[in-house]
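See structure below.
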Amino acid sequence: MKLDKEFFHRDCLEVAPDLVGKIIVHRLSDGTEIRAVITETEAYRGEEDKACHASKGRTPRTELLYGESGIIYIYLCYGMHWLMNIITGEKDNPQCVLLRAGENLTGPAKLTKYIKTDKSLNGKNIYSNPDIWIEDDGFRPKFKTASRVGIDYAGEYWKNIEWRFIAEDLK
């Protein structure tokens with residue numbers, strides 16, 4: 001079953017753990033479908049979260065974060081890696097969930113490279129898009145929490161908060 005818009009229209013701290021174990025699917029132009037089980041996510045929550053891109057307020061780069069839930073937010077990291085997020089929560093309350101890893105795919109850049117996503121999907125929705133979506137096959141893995149990765153700039157509190165959700169048992 002494809003996840004609908006309502007799934008994403010919740011706080012990122014609810015959506016992020018619920019995405020662990022779901023399957024992201026990207027249908028390429030030739031009809032090929034690439035699938036990956038999401039094994040790790042990270043939540044980014046509002047302007048107060050110093051690790052969230054919206055911590056500096058509304059800018060052309062962050063405008064999508066203030067929009068509708070279920071929209072894909074992709075950005076270039078270190079000038080070479082596309083990272084994929086899904087916007088969550090209420091409009092004008094910037095939140096998102098980073099898809100951080102997939103089964104046998106350690107790290108967000110490896111996941112996006114494997115499923116062949118790039119900036120062309122930025123701003124598209126993930127709930128009724130014929131080319132990319134997330135499925136729920138009913139599997140609910142156990143998960144653990146940990147601090148987010150690569151955000152030392154955000155300060156001790158935001159660096160150490162455990163808003164990363166990691167699958168412990170897969171099928």
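In the structure tokens, chains take letters A, B, ... by order of appearance, with residues numbered from 1 within each chain and ligands from 1 in the order shown.
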Find the residues near segment 137-151 of chain A: any atom within 12 Å, counting only C-alpha atoms, skip ones fewer than 4 places away on the same chain, and give them as number ranges by chain.
A: 1-3, 13, 16-24, 37-44, 49-53, 77-78, 97-98, 100-101, 107-108, 155-171
Quick one: everything within 10 Å of segment 57-62 of chain A, counting only C-alpha atoms, minus sequence neighbours fewer than 6 positions away in the same chain. Send it as a list of chain:residue names.
A:Gly46, A:Glu47, A:Glu48, A:Tyr73, A:Tyr75, A:Asp92, A:Pro94
Write the selection just made, keeping C-alpha atoms, as a PDB file, in the first residue's frame?
ATOM      1  CA  GLY A  46      11.463  23.751  13.096  1.00  0.00           C
ATOM      2  CA  GLU A  47      13.347  27.002  13.261  1.00  0.00           C
ATOM      3  CA  GLU A  48      14.345  26.277  16.875  1.00  0.00           C
ATOM      4  CA  TYR A  73      13.044  18.255  -0.313  1.00  0.00           C
ATOM      5  CA  TYR A  75      19.546  19.309  -1.484  1.00  0.00           C
ATOM      6  CA  ASP A  92       4.405  27.196   7.902  1.00  0.00           C
ATOM      7  CA  PRO A  94       9.164  23.743   8.885  1.00  0.00           C
TER       8      PRO A  94
END
Using only C-alpha atoms, determine which residues lie at most 12 Å from Trp82 of chain A, disregarding the query and same-chain residues fewer than 5 positions distant; provide the list as a ChimeraX atom specification.
/A:73-77,98-100,107-122
Compare A:Leu65, A:Leu105, A:Ala154, A:Ala54 by their minimum atom-to-atom distance to Thr88 of chain A, counting only C-alpha atoms, and give me the closest one.
A:Leu65
Quick one: of A:Glu6, A:Ser55, A:Cys12, A:Ile71, who's nearest to Ile132 of chain A, counting only C-alpha atoms?
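That would be A:Ile71, the residue with the smallest distance to Ile132 of chain A.
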Give the helix (DSSP H, G or I) residues of segment 23-147 of chain A, as assigned by DSSP on the backbone, as JSON, numbers by chain.
{"A": [53, 54, 55, 56, 63, 64, 65, 66, 108, 109, 110, 111, 112, 113, 114, 119, 120, 121]}
Write a file of the just-selected residues containing N, CA, C and O atoms, as an mmCIF file, in the first residue's frame.
data_model
loop_
_atom_site.group_PDB
_atom_site.id
_atom_site.type_symbol
_atom_site.label_atom_id
_atom_site.label_comp_id
_atom_site.auth_asym_id
_atom_site.auth_seq_id
_atom_site.Cartn_x
_atom_site.Cartn_y
_atom_site.Cartn_z
ATOM 1 N N HIS A 53 17.645 23.105 8.388
ATOM 2 C CA HIS A 53 17.942 24.186 7.444
ATOM 3 C C HIS A 53 17.100 25.424 7.719
ATOM 4 O O HIS A 53 17.514 26.537 7.413
ATOM 5 N N ALA A 54 15.917 25.253 8.298
ATOM 6 C CA ALA A 54 15.031 26.389 8.588
ATOM 7 C C ALA A 54 15.457 27.179 9.822
ATOM 8 O O ALA A 54 14.823 28.177 10.157
ATOM 9 N N SER A 55 16.532 26.785 10.491
ATOM 10 C CA SER A 55 16.944 27.493 11.711
ATOM 11 C C SER A 55 17.329 28.943 11.432
ATOM 12 O O SER A 55 17.313 29.770 12.331
ATOM 13 N N LYS A 56 17.630 29.255 10.199
ATOM 14 C CA LYS A 56 17.975 30.630 9.816
ATOM 15 C C LYS A 56 16.767 31.347 9.216
ATOM 16 O O LYS A 56 16.887 32.456 8.712
ATOM 17 N N GLU A 63 12.334 27.480 1.507
ATOM 18 C CA GLU A 63 10.915 27.780 1.309
ATOM 19 C C GLU A 63 10.047 26.514 1.278
ATOM 20 O O GLU A 63 8.949 26.490 1.837
ATOM 21 N N LEU A 64 10.523 25.454 0.645
ATOM 22 C CA LEU A 64 9.757 24.201 0.590
ATOM 23 C C LEU A 64 9.429 23.664 1.978
ATOM 24 O O LEU A 64 8.361 23.092 2.186
ATOM 25 N N LEU A 65 10.350 23.840 2.928
ATOM 26 C CA LEU A 65 10.137 23.320 4.280
ATOM 27 C C LEU A 65 8.916 23.942 4.957
ATOM 28 O O LEU A 65 8.358 23.355 5.881
ATOM 29 N N TYR A 66 8.512 25.100 4.511
ATOM 30 C CA TYR A 66 7.372 25.799 5.088
ATOM 31 C C TYR A 66 6.054 25.436 4.389
ATOM 32 O O TYR A 66 5.012 25.966 4.720
ATOM 33 N N PRO A 108 22.952 8.510 3.621
ATOM 34 C CA PRO A 108 21.920 9.078 2.760
ATOM 35 C C PRO A 108 22.338 9.247 1.303
ATOM 36 O O PRO A 108 21.516 9.122 0.405
ATOM 37 N N ALA A 109 23.609 9.514 1.052
ATOM 38 C CA ALA A 109 24.070 9.677 -0.332
ATOM 39 C C ALA A 109 24.040 8.346 -1.081
ATOM 40 O O ALA A 109 23.682 8.301 -2.260
ATOM 41 N N LYS A 110 24.387 7.271 -0.398
ATOM 42 C CA LYS A 110 24.338 5.950 -1.051
ATOM 43 C C LYS A 110 22.901 5.557 -1.377
ATOM 44 O O LYS A 110 22.636 4.957 -2.414
ATOM 45 N N LEU A 111 21.974 5.912 -0.486
ATOM 46 C CA LEU A 111 20.570 5.614 -0.736
ATOM 47 C C LEU A 111 20.066 6.384 -1.954
ATOM 48 O O LEU A 111 19.466 5.797 -2.858
ATOM 49 N N THR A 112 20.287 7.688 -2.000
ATOM 50 C CA THR A 112 19.782 8.466 -3.134
ATOM 51 C C THR A 112 20.455 8.057 -4.439
ATOM 52 O O THR A 112 19.811 8.033 -5.487
ATOM 53 N N LYS A 113 21.721 7.709 -4.379
ATOM 54 C CA LYS A 113 22.417 7.264 -5.591
ATOM 55 C C LYS A 113 21.825 5.931 -6.071
ATOM 56 O O LYS A 113 21.574 5.754 -7.263
ATOM 57 N N TYR A 114 21.570 5.017 -5.148
ATOM 58 C CA TYR A 114 21.018 3.711 -5.503
ATOM 59 C C TYR A 114 19.633 3.837 -6.150
ATOM 60 O O TYR A 114 19.347 3.184 -7.154
ATOM 61 N N LYS A 119 18.055 16.358 -7.863
ATOM 62 C CA LYS A 119 17.305 17.602 -7.672
ATOM 63 C C LYS A 119 16.034 17.673 -8.525
ATOM 64 O O LYS A 119 15.124 18.429 -8.215
ATOM 65 N N SER A 120 15.947 16.853 -9.568
ATOM 66 C CA SER A 120 14.756 16.899 -10.428
ATOM 67 C C SER A 120 13.483 16.533 -9.668
ATOM 68 O O SER A 120 12.380 16.889 -10.090
ATOM 69 N N LEU A 121 13.596 15.838 -8.540
ATOM 70 C CA LEU A 121 12.430 15.473 -7.735
ATOM 71 C C LEU A 121 12.110 16.505 -6.650
ATOM 72 O O LEU A 121 11.089 16.401 -5.981
#
With DSSP run on the backbone, what are the strand (DSSP E) residues within chain A? I'd like them as a ChimeraX atom specification.
/A:23-27,33-45,72-77,81-87,95-102,132-135,143-146,164-167
Residues from the last selection, N, CA and C atoms, saved as a short mmCIF file (atom, residue, chain, number, x, y, z; two decimals), in the first residue's frame:
data_model
loop_
_atom_site.label_atom_id
_atom_site.label_comp_id
_atom_site.auth_asym_id
_atom_site.auth_seq_id
_atom_site.Cartn_x
_atom_site.Cartn_y
_atom_site.Cartn_z
N ILE A 23 9.21 0.97 2.29
CA ILE A 23 9.95 0.74 1.05
C ILE A 23 9.80 1.97 0.14
N ILE A 24 10.92 2.56 -0.22
CA ILE A 24 10.88 3.66 -1.19
C ILE A 24 11.03 3.05 -2.58
N VAL A 25 10.20 3.52 -3.51
CA VAL A 25 10.18 2.99 -4.87
C VAL A 25 10.35 4.16 -5.85
N HIS A 26 11.27 4.01 -6.79
CA HIS A 26 11.46 5.00 -7.84
C HIS A 26 11.29 4.29 -9.18
N ARG A 27 10.28 4.72 -9.95
CA ARG A 27 10.04 4.16 -11.29
C ARG A 27 10.76 5.05 -12.30
N GLU A 33 11.58 -0.38 -11.85
CA GLU A 33 11.35 0.11 -10.49
C GLU A 33 12.52 -0.27 -9.60
N ILE A 34 13.09 0.72 -8.96
CA ILE A 34 14.16 0.51 -7.99
C ILE A 34 13.53 0.62 -6.61
N ARG A 35 13.78 -0.36 -5.74
CA ARG A 35 13.19 -0.40 -4.40
C ARG A 35 14.28 -0.50 -3.35
N ALA A 36 14.02 0.14 -2.22
CA ALA A 36 14.94 0.03 -1.09
C ALA A 36 14.14 0.13 0.21
N VAL A 37 14.45 -0.74 1.15
CA VAL A 37 13.85 -0.68 2.48
C VAL A 37 14.56 0.43 3.25
N ILE A 38 13.80 1.34 3.80
CA ILE A 38 14.35 2.43 4.60
C ILE A 38 14.74 1.88 5.97
N THR A 39 16.01 2.01 6.32
CA THR A 39 16.50 1.44 7.58
C THR A 39 16.91 2.50 8.60
N GLU A 40 16.95 3.75 8.16
CA GLU A 40 17.38 4.80 9.09
C GLU A 40 16.83 6.14 8.63
N THR A 41 16.35 6.92 9.59
CA THR A 41 15.83 8.26 9.31
C THR A 41 16.33 9.23 10.38
N GLU A 42 16.24 10.51 10.07
CA GLU A 42 16.54 11.56 11.05
C GLU A 42 15.46 12.63 10.96
N ALA A 43 15.05 13.15 12.10
CA ALA A 43 14.04 14.21 12.16
C ALA A 43 14.71 15.56 12.32
N TYR A 44 14.17 16.56 11.61
CA TYR A 44 14.61 17.95 11.71
C TYR A 44 13.35 18.78 11.93
N ARG A 45 13.33 19.54 13.04
CA ARG A 45 12.07 20.06 13.54
C ARG A 45 12.08 21.55 13.86
N ILE A 72 8.79 16.36 -1.41
CA ILE A 72 10.20 15.95 -1.40
C ILE A 72 11.08 17.21 -1.35
N TYR A 73 12.07 17.18 -0.45
CA TYR A 73 13.04 18.25 -0.31
C TYR A 73 14.42 17.62 -0.50
N ILE A 74 15.04 17.92 -1.64
CA ILE A 74 16.36 17.36 -1.96
C ILE A 74 17.36 18.49 -2.03
N TYR A 75 18.51 18.29 -1.42
CA TYR A 75 19.55 19.31 -1.48
C TYR A 75 20.90 18.64 -1.70
N LEU A 76 21.84 19.44 -2.18
CA LEU A 76 23.19 18.97 -2.45
C LEU A 76 24.04 19.18 -1.20
N CYS A 77 24.68 18.12 -0.75
CA CYS A 77 25.52 18.15 0.45
C CYS A 77 26.98 18.06 0.03
N HIS A 81 26.73 15.32 -3.09
CA HIS A 81 25.77 14.24 -2.74
C HIS A 81 24.36 14.81 -2.61
N TRP A 82 23.41 14.20 -3.31
CA TRP A 82 22.01 14.58 -3.16
C TRP A 82 21.45 13.86 -1.95
N LEU A 83 20.79 14.59 -1.04
CA LEU A 83 20.15 14.00 0.13
C LEU A 83 18.66 14.27 0.05
N MET A 84 17.87 13.25 0.39
CA MET A 84 16.42 13.32 0.21
C MET A 84 15.70 13.37 1.55
N ASN A 85 14.81 14.33 1.66
CA ASN A 85 13.97 14.54 2.83
C ASN A 85 12.51 14.57 2.39
N ILE A 86 11.62 14.30 3.33
CA ILE A 86 10.19 14.44 3.10
C ILE A 86 9.67 15.46 4.12
N ILE A 87 8.94 16.45 3.64
CA ILE A 87 8.38 17.48 4.52
C ILE A 87 7.22 16.88 5.30
N GLN A 95 9.40 21.35 9.02
CA GLN A 95 9.89 20.07 9.54
C GLN A 95 10.16 19.15 8.36
N CYS A 96 11.06 18.21 8.57
CA CYS A 96 11.26 17.19 7.54
C CYS A 96 11.93 15.97 8.16
N VAL A 97 11.92 14.90 7.38
CA VAL A 97 12.58 13.66 7.76
C VAL A 97 13.58 13.33 6.67
N LEU A 98 14.83 13.17 7.06
CA LEU A 98 15.89 12.75 6.14
C LEU A 98 15.84 11.24 6.02
N LEU A 99 15.84 10.74 4.78
CA LEU A 99 15.98 9.30 4.54
C LEU A 99 17.47 9.02 4.60
N ARG A 100 17.92 8.45 5.72
CA ARG A 100 19.34 8.38 6.02
C ARG A 100 20.03 7.12 5.53
N ALA A 101 19.31 6.01 5.41
CA ALA A 101 19.94 4.77 4.94
C ALA A 101 18.88 3.79 4.47
N GLY A 102 19.33 2.85 3.66
CA GLY A 102 18.48 1.77 3.19
C GLY A 102 19.17 0.45 3.44
N ILE A 132 7.71 8.23 -8.02
CA ILE A 132 8.38 7.92 -6.74
C ILE A 132 7.34 7.93 -5.63
N TRP A 133 7.43 6.93 -4.77
CA TRP A 133 6.49 6.81 -3.66
C TRP A 133 7.10 5.93 -2.57
N ILE A 134 6.40 5.84 -1.44
CA ILE A 134 6.83 4.98 -0.34
C ILE A 134 5.68 4.01 -0.05
N GLU A 135 6.02 2.74 0.07
CA GLU A 135 5.04 1.69 0.33
C GLU A 135 5.17 1.15 1.75
N PHE A 143 13.40 -0.67 16.42
CA PHE A 143 14.41 0.32 16.10
C PHE A 143 15.00 0.88 17.39
N LYS A 144 16.17 1.48 17.23
CA LYS A 144 16.80 2.18 18.34
C LYS A 144 16.96 3.64 17.93
N THR A 145 17.21 4.49 18.91
CA THR A 145 17.45 5.90 18.62
C THR A 145 18.92 6.22 18.86
N ALA A 146 19.37 7.27 18.21
CA ALA A 146 20.75 7.73 18.37
C ALA A 146 20.79 9.21 18.00
N ARG A 164 17.52 10.32 15.60
CA ARG A 164 17.84 9.38 14.52
C ARG A 164 17.22 8.05 14.91
N PHE A 165 16.59 7.39 13.93
CA PHE A 165 15.85 6.15 14.17
C PHE A 165 16.43 5.08 13.25
N ILE A 166 16.92 3.98 13.86
CA ILE A 166 17.69 2.96 13.15
C ILE A 166 17.06 1.59 13.35
N ALA A 167 16.76 0.92 12.24
CA ALA A 167 16.19 -0.43 12.32
C ALA A 167 17.18 -1.37 12.98
#
How far is it from atom CA of Gly89 of chain A to atom CA of Lys5 of chain A, in Å with one decimal?
10.5 Å
Straight-line distance linking atom CA of Asn125 of chain A with atom CA of Glu103 of chain A, stated in Å to one decimal
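Pair atom CA of Asn125 of chain A / atom CA of Glu103 of chain A returns 23.3 Å.
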